[in-house]
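Structure file run.pdb with PDB, C-alpha atoms:
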ATOM      1  CA  MET A   1     171.281  75.756 131.590
ATOM      2  CA  LEU A   2     173.325  76.672 128.535
ATOM      3  CA  ILE A   3     170.975  74.670 126.321
ATOM      4  CA  ILE A   4     167.931  76.453 127.723
ATOM      5  CA  VAL A   5     169.503  79.867 127.145
ATOM      6  CA  ALA A   6     170.628  78.889 123.648
ATOM      7  CA  GLN A   7     167.205  77.555 122.734
ATOM      8  CA  THR A   8     165.558  80.747 123.932
ATOM      9  CA  LEU A   9     167.924  82.910 121.898
ATOM     10  CA  ILE A  10     167.461  80.761 118.831
ATOM     11  CA  ALA A  11     163.688  80.879 119.221
ATOM     12  CA  LEU A  12     163.882  84.654 119.374
ATOM     13  CA  ALA A  13     166.160  84.847 116.363
ATOM     14  CA  VAL A  14     164.367  82.409 114.108
ATOM     15  CA  LEU A  15     161.244  83.745 112.472
ATOM     16  CA  ASN A  16     159.039  80.988 111.263
ATOM     17  CA  HIS A  17     157.168  83.162 108.812
ATOM     18  CA  PRO A  18     158.257  82.365 105.283
ATOM     19  CA  GLU A  19     156.071  85.096 103.820
ATOM     20  CA  ARG A  20     158.340  87.671 105.450
ATOM     21  CA  TYR A  21     161.134  86.456 103.240
ATOM     22  CA  GLY A  22     159.058  86.513 100.083
ATOM     23  CA  ARG A  23     158.384  82.791 100.274
ATOM     24  CA  PHE A  24     155.089  81.126 100.775
ATOM     25  CA  PRO A  25     153.939  77.772 102.033
ATOM     26  CA  ASP A  26     153.763  74.918  99.571
ATOM     27  CA  GLY A  27     151.498  75.754  96.701
ATOM     28  CA  ALA A  28     150.519  79.223  97.909
ATOM     29  CA  THR A  29     151.006  81.982  95.373
ATOM     30  CA  SER A  30     150.604  84.890  97.760
ATOM     31  CA  ALA A  31     150.767  85.623 101.431
ATOM     32  CA  ARG A  32     147.011  86.084 101.557
ATOM     33  CA  PRO A  33     145.039  83.435  99.714
ATOM     34  CA  LYS A  34     143.056  84.713  96.776
ATOM     35  CA  ALA A  35     139.396  83.971  96.261
ATOM     36  CA  SER A  36     140.352  81.449  93.563
ATOM     37  CA  ASP A  37     142.592  79.659  96.047
ATOM     38  CA  ALA A  38     139.750  79.547  98.508
ATOM     39  CA  LYS A  39     137.374  78.213  95.863
ATOM     40  CA  SER A  40     139.822  75.507  94.861
ATOM     41  CA  ALA A  41     140.178  74.594  98.505
ATOM     42  CA  VAL A  42     136.433  74.278  98.816
ATOM     43  CA  ASP A  43     136.227  72.253  95.608
ATOM     44  CA  MET A  44     138.872  69.924  96.952
ATOM     45  CA  SER A  45     136.998  69.408 100.188
ATOM     46  CA  THR A  46     133.885  68.573  98.203
ATOM     47  CA  ALA A  47     135.800  66.092  96.073
ATOM     48  CA  HIS A  48     137.206  64.507  99.201
ATOM     49  CA  ILE A  49     133.700  63.964 100.525
ATOM     50  CA  GLN A  50     132.711  62.294  97.271
ATOM     51  CA  LEU A  51     135.713  59.990  97.348
ATOM     52  CA  SER A  52     135.146  58.933 100.876
ATOM     53  CA  ASP A  53     131.659  57.663  99.987
ATOM     54  CA  LEU A  54     129.922  59.395 102.792
ATOM     55  CA  ASN A  55     126.733  59.760 100.758
ATOM     56  CA  VAL A  56     126.638  63.406 101.535
ATOM     57  CA  GLU A  57     124.888  65.564  99.015
ATOM     58  CA  GLU A  58     127.187  67.847  97.186
ATOM     59  CA  GLN A  59     126.733  71.286  98.664
ATOM     60  CA  PRO A  60     129.577  73.486  97.554
ATOM     61  CA  LEU A  61     130.482  75.942 100.223
ATOM     62  CA  THR A  62     130.880  79.568  99.369
ATOM     63  CA  SER A  63     134.098  81.357 100.031
ATOM     64  CA  ASN A  64     132.399  84.673 100.564
ATOM     65  CA  GLY A  65     129.090  85.432 102.115
ATOM     66  CA  ASP A  66     127.623  87.781  99.520
ATOM     67  CA  ASP A  67     126.568  85.383  96.787
ATOM     68  CA  GLN A  68     122.874  85.082  95.940
ATOM     69  CA  GLY A  69     122.347  88.346  97.738
ATOM     70  CA  GLU A  70     122.292  86.768 101.165
ATOM     71  CA  GLU A  71     123.885  88.268 104.205
ATOM     72  CA  ASP A  72     126.538  86.545 106.217
ATOM     73  CA  THR A  73     125.170  83.626 108.134
ATOM     74  CA  PRO A  74     126.855  81.181 110.504
ATOM     75  CA  GLN A  75     126.871  78.656 107.646
ATOM     76  CA  SER A  76     128.819  80.885 105.301
ATOM     77  CA  THR A  77     132.524  80.208 105.148
ATOM     78  CA  PRO A  78     134.915  83.131 105.265
ATOM     79  CA  ALA A  79     138.080  83.158 103.199
ATOM     80  CA  PRO A  80     140.368  80.541 104.707
ATOM     81  CA  PRO A  81     143.395  81.789 106.592
ATOM     82  CA  LEU A  82     146.897  81.239 105.386
ATOM     83  CA  ALA A  83     147.327  78.059 107.385
ATOM     84  CA  ALA A  84     144.208  76.558 105.812
ATOM     85  CA  ALA A  85     145.421  77.418 102.318
ATOM     86  CA  ALA A  86     148.794  75.901 103.101
ATOM     87  CA  ALA A  87     147.161  72.763 104.452
ATOM     88  CA  THR A  88     145.023  72.555 101.337
ATOM     89  CA  ALA A  89     148.031  72.923  99.090
ATOM     90  CA  ALA A  90     149.860  70.260 101.081
ATOM     91  CA  ALA A  91     146.883  67.952 100.748
ATOM     92  CA  ALA A  92     146.851  68.552  96.994
ATOM     93  CA  ALA A  93     150.555  67.743  96.805
ATOM     94  CA  MET A  94     149.948  64.558  98.772
ATOM     95  CA  GLU A  95     147.217  63.584  96.314
ATOM     96  CA  GLU A  96     149.591  64.008  93.382
ATOM     97  CA  GLU A  97     152.365  61.918  94.935
ATOM     98  CA  ILE A  98     152.685  58.202  94.601
ATOM     99  CA  HIS A  99     152.252  56.637  98.001
ATOM    100  CA  TRP A 100     153.467  53.178  98.859
ATOM    101  CA  HIS A 101     152.170  51.011 101.615
ATOM    102  CA  TRP A 102     155.072  50.189 103.892
ATOM    103  CA  LYS A 103     154.655  46.447 103.352
ATOM    104  CA  ASP A 104     154.964  46.962  99.627
ATOM    105  CA  ALA A 105     157.976  49.200 100.100
ATOM    106  CA  LEU A 106     159.725  46.574 102.207
ATOM    107  CA  ARG A 107     159.353  44.075  99.364
ATOM    108  CA  THR A 108     161.306  46.188  96.881
ATOM    109  CA  PRO A 109     164.998  45.592  96.152
ATOM    110  CA  VAL A 110     165.610  49.334  96.245
ATOM    111  CA  PHE A 111     164.592  49.591  99.876
ATOM    112  CA  TRP A 112     166.908  46.809 100.977
ATOM    113  CA  SER A 113     169.724  48.076  98.804
ATOM    114  CA  VAL A 114     169.476  51.514 100.372
ATOM    115  CA  SER A 115     169.232  50.034 103.862
ATOM    116  CA  LEU A 116     172.162  47.667 103.410
ATOM    117  CA  SER A 117     174.241  50.442 101.891
ATOM    118  CA  SER A 118     173.490  52.592 104.895
ATOM    119  CA  PHE A 119     174.382  49.682 107.143
ATOM    120  CA  PHE A 120     177.811  49.275 105.520
ATOM    121  CA  CYS A 121     178.532  52.996 105.601
ATOM    122  CA  MET A 122     177.641  53.360 109.255
ATOM    123  CA  THR A 123     179.517  50.200 110.221
ATOM    124  CA  VAL A 124     182.698  51.602 108.697
ATOM    125  CA  TRP A 125     182.053  55.117 110.002
ATOM    126  CA  SER A 126     181.535  54.086 113.602
ATOM    127  CA  GLY A 127     184.259  51.426 113.461
ATOM    128  CA  PHE A 128     186.774  53.948 112.177
ATOM    129  CA  ASN A 129     185.880  56.542 114.787
ATOM    130  CA  PHE A 130     186.411  54.036 117.574
ATOM    131  CA  HIS A 131     189.589  52.440 116.230
ATOM    132  CA  TYR A 132     191.282  55.154 114.179
ATOM    133  CA  GLU A 133     194.432  55.085 116.302
ATOM    134  CA  ALA A 134     194.816  51.376 115.727
ATOM    135  CA  PHE A 135     194.124  51.787 112.007
ATOM    136  CA  PHE A 136     196.970  54.249 111.569
ATOM    137  CA  SER A 137     199.402  52.697 113.997
ATOM    138  CA  ASP A 138     199.045  49.436 112.067
ATOM    139  CA  ASN A 139     200.164  51.365 108.995
ATOM    140  CA  GLY A 140     203.222  52.797 110.682
ATOM    141  CA  LEU A 141     201.948  56.250 111.540
ATOM    142  CA  ALA A 142     202.911  57.584 114.946
ATOM    143  CA  PRO A 143     200.024  57.478 117.401
ATOM    144  CA  ASP A 144     200.580  61.062 118.470
ATOM    145  CA  THR A 145     200.219  62.363 114.910
ATOM    146  CA  VAL A 146     197.182  60.440 113.755
ATOM    147  CA  HIS A 147     194.760  62.902 115.292
ATOM    148  CA  PHE A 148     195.439  65.367 112.497
ATOM    149  CA  ILE A 149     193.369  63.134 110.217
ATOM    150  CA  PHE A 150     190.242  64.762 111.556
ATOM    151  CA  ILE A 151     191.299  68.094 110.010
ATOM    152  CA  PRO A 152     190.940  66.942 106.373
ATOM    153  CA  ILE A 153     187.823  65.018 107.332
ATOM    154  CA  ALA A 154     186.246  68.168 108.781
ATOM    155  CA  VAL A 155     187.409  70.434 105.950
ATOM    156  CA  SER A 156     186.257  68.093 103.203
ATOM    157  CA  SER A 157     182.964  67.610 105.000
ATOM    158  CA  ALA A 158     182.406  71.360 105.057
ATOM    159  CA  VAL A 159     183.756  72.242 101.615
ATOM    160  CA  GLY A 160     182.364  69.162  99.902
ATOM    161  CA  MET A 161     178.794  70.116 100.728
ATOM    162  CA  LEU A 162     178.479  72.698  97.972
ATOM    163  CA  PRO A 163     179.557  70.613  94.954
ATOM    164  CA  ALA A 164     177.671  67.678  96.385
ATOM    165  CA  GLY A 165     174.564  69.849  96.649
ATOM    166  CA  ILE A 166     174.901  70.969  93.026
ATOM    167  CA  MET A 167     175.277  67.358  91.974
ATOM    168  CA  PHE A 168     172.212  66.250  93.921
ATOM    169  CA  ASP A 169     170.064  68.905  92.335
ATOM    170  CA  ARG A 170     171.008  67.640  88.907
ATOM    171  CA  VAL A 171     170.689  63.921  89.554
ATOM    172  CA  LYS A 172     167.144  62.690  89.137
ATOM    173  CA  ARG A 173     167.660  59.177  90.444
ATOM    174  CA  ARG A 174     168.978  59.808  93.902
ATOM    175  CA  THR A 175     169.778  56.200  94.520
ATOM    176  CA  ARG A 176     172.762  56.949  92.306
ATOM    177  CA  VAL A 177     173.877  59.546  94.807
ATOM    178  CA  MET A 178     173.961  56.782  97.367
ATOM    179  CA  ALA A 179     175.958  54.709  94.882
ATOM    180  CA  PHE A 180     178.436  57.580  94.627
ATOM    181  CA  ALA A 181     178.781  57.626  98.418
ATOM    182  CA  LEU A 182     179.496  53.902  98.389
ATOM    183  CA  VAL A 183     182.178  54.319  95.728
ATOM    184  CA  LEU A 184     183.806  56.941  97.929
ATOM    185  CA  LEU A 185     183.573  54.541 100.845
ATOM    186  CA  ALA A 186     185.249  51.765  98.871
ATOM    187  CA  LEU A 187     188.013  54.140  97.763
ATOM    188  CA  SER A 188     188.505  55.250 101.353
ATOM    189  CA  LEU A 189     188.837  51.671 102.490
ATOM    190  CA  VAL A 190     191.386  50.871  99.777
ATOM    191  CA  LEU A 191     193.350  53.957 100.797
ATOM    192  CA  LEU A 192     193.157  52.846 104.402
ATOM    193  CA  LEU A 193     194.854  49.609 103.398
ATOM    194  CA  VAL A 194     197.713  51.177 101.466
ATOM    195  CA  LEU A 195     198.381  54.454 103.248
ATOM    196  CA  ARG A 196     201.869  54.634 104.717
ATOM    197  CA  ASN A 197     202.402  58.352 105.124
ATOM    198  CA  GLN A 198     200.576  61.462 106.152
ATOM    199  CA  PHE A 199     199.799  62.583 102.609
ATOM    200  CA  ALA A 200     197.873  59.378 101.923
ATOM    201  CA  ALA A 201     196.139  59.845 105.245
ATOM    202  CA  VAL A 202     195.033  63.323 104.164
ATOM    203  CA  VAL A 203     193.639  61.944 100.887
ATOM    204  CA  PHE A 204     191.841  59.277 102.844
ATOM    205  CA  GLY A 205     190.391  61.936 105.133
ATOM    206  CA  ILE A 206     189.071  63.919 102.160
ATOM    207  CA  PHE A 207     187.279  60.916 100.658
ATOM    208  CA  PHE A 208     186.005  59.774 104.017
ATOM    209  CA  GLY A 209     184.751  63.231 104.966
ATOM    210  CA  VAL A 210     182.799  63.723 101.753
ATOM    211  CA  MET A 211     181.367  60.230 102.054
ATOM    212  CA  GLY A 212     180.208  60.995 105.571
ATOM    213  CA  ARG A 213     178.433  64.193 104.508
ATOM    214  CA  ILE A 214     176.387  62.726 101.679
ATOM    215  CA  PRO A 215     173.950  60.957 103.995
ATOM    216  CA  PHE A 216     173.236  64.229 105.750
ATOM    217  CA  LEU A 217     172.583  65.868 102.424
ATOM    218  CA  LEU A 218     170.233  63.061 101.577
ATOM    219  CA  PHE A 219     168.414  63.748 104.801
ATOM    220  CA  PHE A 220     167.386  67.169 103.502
ATOM    221  CA  CYS A 221     167.107  65.984  99.943
ATOM    222  CA  CYS A 222     164.678  68.273  98.162
ATOM    223  CA  THR A 223     165.204  70.072  94.923
ATOM    224  CA  HIS A 224     167.503  73.085  95.334
ATOM    225  CA  VAL A 225     167.370  72.927  99.117
ATOM    226  CA  PHE A 226     171.087  72.174  99.264
ATOM    227  CA  LEU A 227     172.118  75.559  98.013
ATOM    228  CA  LEU A 228     169.862  77.561 100.289
TER     229      LEU A 228
ATOM    230  CA  MET B   1     173.773  56.962 106.877
ATOM    231  CA  ILE B   2     171.123  58.370 109.092
ATOM    232  CA  GLY B   3     169.623  60.544 106.432
ATOM    233  CA  ASN B   4     167.807  58.310 104.023
ATOM    234  CA  ASN B   5     164.417  59.693 104.922
ATOM    235  CA  SER B   6     163.981  61.998 101.997
ATOM    236  CA  LEU B   7     165.558  59.531  99.596
ATOM    237  CA  LEU B   8     162.999  56.943 100.634
ATOM    238  CA  GLY B   9     160.306  59.605 100.619
ATOM    239  CA  THR B  10     161.167  60.502  97.051
ATOM    240  CA  ILE B  11     160.772  56.891  95.989
ATOM    241  CA  PHE B  12     157.908  55.672  98.137
ATOM    242  CA  GLY B  13     155.930  58.822  98.903
ATOM    243  CA  ARG B  14     155.153  60.396 102.253
ATOM    244  CA  ALA B  15     151.966  58.723 103.417
ATOM    245  CA  ASN B  16     153.698  55.760 105.085
ATOM    246  CA  LEU B  17     157.143  57.304 105.319
ATOM    247  CA  GLY B  18     157.249  56.957 109.102
ATOM    248  CA  MET B  19     157.059  53.190 109.058
ATOM    249  CA  ILE B  20     159.356  52.878 106.055
ATOM    250  CA  THR B  21     162.068  55.070 107.566
ATOM    251  CA  SER B  22     161.744  53.438 110.958
ATOM    252  CA  VAL B  23     162.650  50.062 109.484
ATOM    253  CA  ASN B  24     165.499  51.687 107.571
ATOM    254  CA  SER B  25     166.700  53.539 110.660
ATOM    255  CA  SER B  26     166.697  50.323 112.683
ATOM    256  CA  ILE B  27     169.037  48.738 110.157
ATOM    257  CA  VAL B  28     171.263  51.821 110.088
ATOM    258  CA  THR B  29     171.427  52.001 113.871
ATOM    259  CA  LEU B  30     172.335  48.344 113.944
ATOM    260  CA  GLY B  31     175.299  49.222 111.731
ATOM    261  CA  ILE B  32     176.404  51.924 114.169
ATOM    262  CA  GLY B  33     176.327  49.449 117.018
ATOM    263  CA  VAL B  34     177.927  46.594 115.132
ATOM    264  CA  GLY B  35     180.805  48.593 113.633
ATOM    265  CA  PRO B  36     183.103  49.139 116.612
ATOM    266  CA  SER B  37     182.522  45.652 117.988
ATOM    267  CA  LEU B  38     183.058  44.027 114.610
ATOM    268  CA  PHE B  39     186.340  45.836 113.997
ATOM    269  CA  GLY B  40     187.512  45.122 117.534
ATOM    270  CA  ILE B  41     186.682  41.416 117.378
ATOM    271  CA  VAL B  42     188.382  40.988 114.018
ATOM    272  CA  ARG B  43     191.540  42.762 115.142
ATOM    273  CA  ASP B  44     191.712  40.842 118.406
ATOM    274  CA  SER B  45     191.191  37.489 116.709
ATOM    275  CA  ILE B  46     193.214  37.961 113.514
ATOM    276  CA  GLY B  47     195.567  40.722 114.529
ATOM    277  CA  SER B  48     194.703  43.007 111.631
ATOM    278  CA  PHE B  49     191.840  45.003 110.185
ATOM    279  CA  THR B  50     192.815  44.119 106.622
ATOM    280  CA  PRO B  51     190.456  41.192 105.929
ATOM    281  CA  LEU B  52     187.444  43.086 107.241
ATOM    282  CA  ILE B  53     188.360  46.208 105.293
ATOM    283  CA  ILE B  54     188.645  44.180 102.087
ATOM    284  CA  VAL B  55     185.281  42.521 102.711
ATOM    285  CA  LEU B  56     183.594  45.869 103.406
ATOM    286  CA  ALA B  57     185.198  47.483 100.361
ATOM    287  CA  VAL B  58     183.961  44.654  98.141
ATOM    288  CA  CYS B  59     180.483  44.842  99.694
ATOM    289  CA  SER B  60     180.393  48.605  99.179
ATOM    290  CA  THR B  61     181.376  48.234  95.554
ATOM    291  CA  ILE B  62     178.721  45.600  94.953
ATOM    292  CA  MET B  63     176.067  47.737  96.622
ATOM    293  CA  ALA B  64     177.159  50.760  94.592
ATOM    294  CA  VAL B  65     176.754  48.825  91.346
ATOM    295  CA  LEU B  66     173.395  47.503  92.497
ATOM    296  CA  LEU B  67     172.113  50.946  93.434
ATOM    297  CA  PHE B  68     173.341  52.419  90.192
ATOM    298  CA  LEU B  69     171.700  49.778  88.022
ATOM    299  CA  LEU B  70     168.536  49.005  89.957
ATOM    300  CA  PRO B  71     165.440  50.453  88.314
ATOM    301  CA  LEU B  72     163.099  52.389  90.526
ATOM    302  CA  PRO B  73     160.100  50.278  91.562
ATOM    303  CA  LYS B  74     156.801  50.641  89.798
ATOM    304  CA  PRO B  75     153.935  52.288  91.681
ATOM    305  CA  PRO B  76     152.049  49.935  93.981
ATOM    306  CA  THR B  77     148.626  48.509  93.255
ATOM    307  CA  ARG B  78     147.610  48.190  96.893
ATOM    308  CA  HIS B  79     145.229  50.835  98.200
ATOM    309  CA  LEU B  80     146.729  53.493 100.358
ATOM    310  CA  GLU B  81     146.335  52.968 104.080
ATOM    311  CA  MET B  82     146.868  56.200 105.942
TER     312      MET B  82
END
Reformat the file's structure so that it appears as structure tokens.
Amino acid sequence: MLIIVAQTLIALAVLNHPERYGRFPDGATSARPKASDAKSAVDMSTAHIQLSDLNVEEQPLTSNGDDQGEEDTPQSTPAPPLAAAAATAAAAAMEEEIHWHWKDALRTPVFWSVSLSSFFCMTVWSGFNFHYEAFFSDNGLAPDTVHFIFIPIAVSSAVGMLPAGIMFDRVKRRTRVMAFALVLLALSLVLLLVLRNQFAAVVFGIFFGVMGRIPFLLFFCCTHVFLL
Amino acid sequence: MIGNNSLLGTIFGRANLGMITSVNSSIVTLGIGVGPSLFGIVRDSIGSFTPLIIVLAVCSTIMAVLLFLLPLPKPPTRHLEM
């Protein structure tokens, strides 16, 4: 019941209209597409037909119905709505990207390195969360005081997002961000071996918390999106 | 490490990102499931987490070096299959 109420309130609060905030869908330069945008959209659709070898004669569509002095007819195409312009821009962006077939991607060392790295990180993360009392009691910390370790983990997770976001925006090869997360993981594990007091446990929590946040940053990894 | 989607999307593009991330997510989810059991088995059998922690720290370091040095793959020659 609480979830339903919360979802309703969130749906009322969230406005999914980026143009109201001065932002436009990918590639759009204004809230209402200009005639040039419409023409480029039409040109793109024509080019797509040519590429797909449909043997259709090239008949460029008109974006307005008043060319050649003719009146509007059912065949004439009005200026595309905002959604159409956004879809066109997205299609153009897709054309510019390099797209891998998934079988090719699975043959690359980078894919398996990223996957294995993720595997190690999540193995340690879940293992620690299940056995943290045993970890610290093995190192001589009292079982009733080990729960405080989640405070530095939470704080470093929250505070560490901002510098991590700045770093991600500046790093071009984001596999190196994953490498940074793995270094933090290795440091956390070394600390876990040697910690004998609460101060070391706090340092461990800071490293471990930042390491745990990086994957979530990677999830939303787009240029400058971290600082929004 | 649930969030590798955009990292993989940056490298491999978005056309087949669903299949690529699904394989990656399967491996990651396997790690989530294996972790607690692995740590528990090691501690019950050896009496300490130390050997497993050392192994995982070494593996993490090796993977970090690999990820740092690995060049990004060259664009594929296979035709795109949407």
Do you have, as CSV, the list of residues of chain A lying at most 8 Å from chain B, each with its nearest atom pair and that distance in Å to one decimal, counting all atoms listed in the file and ordered by chain then number?
residue,atom,partner,partner_atom,distance
A:Met94,CA,B:Arg14,CA,7.5
A:Glu97,CA,B:Gly13,CA,6.2
A:Ile98,CA,B:Gly13,CA,5.4
A:His99,CA,B:Gly13,CA,4.4
A:Trp100,CA,B:Phe12,CA,5.1
A:His101,CA,B:Asn16,CA,6.1
A:Trp102,CA,B:Ile20,CA,5.5
A:Asp104,CA,B:Pro76,CA,7.0
A:Ala105,CA,B:Phe12,CA,6.8
A:Leu106,CA,B:Ile20,CA,7.4
A:Thr108,CA,B:Pro73,CA,6.8
A:Pro109,CA,B:Leu70,CA,7.9
A:Val110,CA,B:Leu70,CA,6.9
A:Phe111,CA,B:Leu8,CA,7.6
A:Ser113,CA,B:Leu67,CA,6.5
A:Val114,CA,B:Leu67,CA,7.4
A:Ser115,CA,B:Asn24,CA,5.5
A:Leu116,CA,B:Ile27,CA,7.5
A:Ser117,CA,B:Met63,CA,6.2
A:Ser118,CA,B:Met1,CA,4.8
A:Phe119,CA,B:Gly31,CA,4.7
A:Phe120,CA,B:Gly31,CA,6.7
A:Cys121,CA,B:Met1,CA,6.3
A:Met122,CA,B:Ile32,CA,5.3
A:Thr123,CA,B:Gly35,CA,4.0
A:Val124,CA,B:Gly35,CA,6.1
A:Trp125,CA,B:Gly35,CA,7.6
A:Ser126,CA,B:Gly35,CA,5.5
A:Gly127,CA,B:Pro36,CA,4.1
A:Phe128,CA,B:Pro36,CA,7.5
A:Phe130,CA,B:Pro36,CA,6.0
A:His131,CA,B:Pro36,CA,7.3
A:Phe135,CA,B:Phe49,CA,7.4
A:Asp138,CA,B:Ser48,CA,7.8
A:Arg174,CA,B:Leu7,CA,6.6
A:Thr175,CA,B:Leu67,CA,5.9
A:Arg176,CA,B:Phe68,CA,5.0
A:Met178,CA,B:Leu67,CA,7.3
A:Ala179,CA,B:Ala64,CA,4.1
A:Phe180,CA,B:Ala64,CA,6.9
A:Leu182,CA,B:Ser60,CA,5.4
A:Val183,CA,B:Thr61,CA,6.1
A:Leu185,CA,B:Ser60,CA,6.9
A:Ala186,CA,B:Ala57,CA,4.5
A:Leu187,CA,B:Ala57,CA,7.7
A:Leu189,CA,B:Ala57,CA,5.9
A:Val190,CA,B:Ala57,CA,7.1
A:Leu193,CA,B:Thr50,CA,6.7
A:Gly212,CA,B:Met1,CA,7.7
A:Pro215,CA,B:Met1,CA,4.9
A:Phe216,CA,B:Gly3,CA,5.2
A:Leu217,CA,B:Gly3,CA,7.3
A:Leu218,CA,B:Gly3,CA,5.5
A:Phe219,CA,B:Gly3,CA,3.8
A:Phe220,CA,B:Ser6,CA,6.4
A:Cys221,CA,B:Ser6,CA,5.5
A:Cys222,CA,B:Ser6,CA,7.4
Emit the selected residues as a compact mmCIF listing (two decimals), in the frame of the given file, including C-alpha atoms.
# COMPACT_ATOMS: atom_id res chain seq x y z
CA MET A 94 149.95 64.56 98.77
CA GLU A 97 152.36 61.92 94.94
CA ILE A 98 152.68 58.20 94.60
CA HIS A 99 152.25 56.64 98.00
CA TRP A 100 153.47 53.18 98.86
CA HIS A 101 152.17 51.01 101.62
CA TRP A 102 155.07 50.19 103.89
CA ASP A 104 154.96 46.96 99.63
CA ALA A 105 157.98 49.20 100.10
CA LEU A 106 159.72 46.57 102.21
CA THR A 108 161.31 46.19 96.88
CA PRO A 109 165.00 45.59 96.15
CA VAL A 110 165.61 49.33 96.24
CA PHE A 111 164.59 49.59 99.88
CA SER A 113 169.72 48.08 98.80
CA VAL A 114 169.48 51.51 100.37
CA SER A 115 169.23 50.03 103.86
CA LEU A 116 172.16 47.67 103.41
CA SER A 117 174.24 50.44 101.89
CA SER A 118 173.49 52.59 104.90
CA PHE A 119 174.38 49.68 107.14
CA PHE A 120 177.81 49.28 105.52
CA CYS A 121 178.53 53.00 105.60
CA MET A 122 177.64 53.36 109.26
CA THR A 123 179.52 50.20 110.22
CA VAL A 124 182.70 51.60 108.70
CA TRP A 125 182.05 55.12 110.00
CA SER A 126 181.54 54.09 113.60
CA GLY A 127 184.26 51.43 113.46
CA PHE A 128 186.77 53.95 112.18
CA PHE A 130 186.41 54.04 117.57
CA HIS A 131 189.59 52.44 116.23
CA PHE A 135 194.12 51.79 112.01
CA ASP A 138 199.04 49.44 112.07
CA ARG A 174 168.98 59.81 93.90
CA THR A 175 169.78 56.20 94.52
CA ARG A 176 172.76 56.95 92.31
CA MET A 178 173.96 56.78 97.37
CA ALA A 179 175.96 54.71 94.88
CA PHE A 180 178.44 57.58 94.63
CA LEU A 182 179.50 53.90 98.39
CA VAL A 183 182.18 54.32 95.73
CA LEU A 185 183.57 54.54 100.84
CA ALA A 186 185.25 51.76 98.87
CA LEU A 187 188.01 54.14 97.76
CA LEU A 189 188.84 51.67 102.49
CA VAL A 190 191.39 50.87 99.78
CA LEU A 193 194.85 49.61 103.40
CA GLY A 212 180.21 61.00 105.57
CA PRO A 215 173.95 60.96 104.00
CA PHE A 216 173.24 64.23 105.75
CA LEU A 217 172.58 65.87 102.42
CA LEU A 218 170.23 63.06 101.58
CA PHE A 219 168.41 63.75 104.80
CA PHE A 220 167.39 67.17 103.50
CA CYS A 221 167.11 65.98 99.94
CA CYS A 222 164.68 68.27 98.16
Written as a tab-separated table (two decimals) with C-alpha atoms, in the frame of the given file, which residues does the PyMOL selection byres ((chain A and resi 151-153) around 9) give for the file shown?
chain	number	residue	atom	x	y	z
A	147	HIS	CA	194.76	62.90	115.29
A	148	PHE	CA	195.44	65.37	112.50
A	149	ILE	CA	193.37	63.13	110.22
A	150	PHE	CA	190.24	64.76	111.56
A	154	ALA	CA	186.25	68.17	108.78
A	155	VAL	CA	187.41	70.43	105.95
A	156	SER	CA	186.26	68.09	103.20
A	157	SER	CA	182.96	67.61	105.00
A	158	ALA	CA	182.41	71.36	105.06
A	201	ALA	CA	196.14	59.84	105.24
A	202	VAL	CA	195.03	63.32	104.16
A	203	VAL	CA	193.64	61.94	100.89
A	204	PHE	CA	191.84	59.28	102.84
A	205	GLY	CA	190.39	61.94	105.13
A	206	ILE	CA	189.07	63.92	102.16
A	207	PHE	CA	187.28	60.92	100.66
A	208	PHE	CA	186.00	59.77	104.02
A	209	GLY	CA	184.75	63.23	104.97
A	210	VAL	CA	182.80	63.72	101.75
A	212	GLY	CA	180.21	61.00	105.57
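Atom pair CA of Ala142 in chain A / CA of Asp44 in chain B has a distance of 20.4 Å (rounded to one decimal).
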Interatomic distance between CA of Arg196 in chain A and CA of Gly140 in chain A? 6.4 Å
Between CA of Thr145 in chain A and CA of Leu192 in chain A - distance in Å to one decimal: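 Spanning CA of Leu192 in chain A to CA of Thr145 in chain A is a straight-line distance of 15.8 Å.
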Kindly complete range 18-25 of chain B to N, CA and C atoms; the output should be written as a PDB file, in the frame of the given file.
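Written output follows (selection-v8.pdb):
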ATOM      1  N   GLY B  18     156.831  57.221 107.728  1.00  0.00           N
ATOM      2  CA  GLY B  18     157.249  56.957 109.102  1.00  0.00           C
ATOM      3  C   GLY B  18     157.634  55.507 109.314  1.00  0.00           C
ATOM      4  N   MET B  19     156.783  54.613 108.884  1.00  0.00           N
ATOM      5  CA  MET B  19     157.059  53.190 109.058  1.00  0.00           C
ATOM      6  C   MET B  19     158.241  52.746 108.192  1.00  0.00           C
ATOM      7  N   ILE B  20     158.281  53.268 106.967  1.00  0.00           N
ATOM      8  CA  ILE B  20     159.356  52.878 106.055  1.00  0.00           C
ATOM      9  C   ILE B  20     160.711  53.324 106.605  1.00  0.00           C
ATOM     10  N   THR B  21     160.786  54.576 107.048  1.00  0.00           N
ATOM     11  CA  THR B  21     162.068  55.070 107.566  1.00  0.00           C
ATOM     12  C   THR B  21     162.420  54.462 108.914  1.00  0.00           C
ATOM     13  N   SER B  22     161.417  54.059 109.671  1.00  0.00           N
ATOM     14  CA  SER B  22     161.744  53.438 110.958  1.00  0.00           C
ATOM     15  C   SER B  22     162.428  52.097 110.758  1.00  0.00           C
ATOM     16  N   VAL B  23     161.972  51.334 109.775  1.00  0.00           N
ATOM     17  CA  VAL B  23     162.650  50.062 109.484  1.00  0.00           C
ATOM     18  C   VAL B  23     164.072  50.340 108.987  1.00  0.00           C
ATOM     19  N   ASN B  24     164.185  51.317 108.090  1.00  0.00           N
ATOM     20  CA  ASN B  24     165.499  51.687 107.571  1.00  0.00           C
ATOM     21  C   ASN B  24     166.417  52.181 108.694  1.00  0.00           C
ATOM     22  N   SER B  25     165.884  53.001 109.574  1.00  0.00           N
ATOM     23  CA  SER B  25     166.700  53.539 110.660  1.00  0.00           C
ATOM     24  C   SER B  25     167.150  52.448 111.621  1.00  0.00           C
TER      25      SER B  25
END
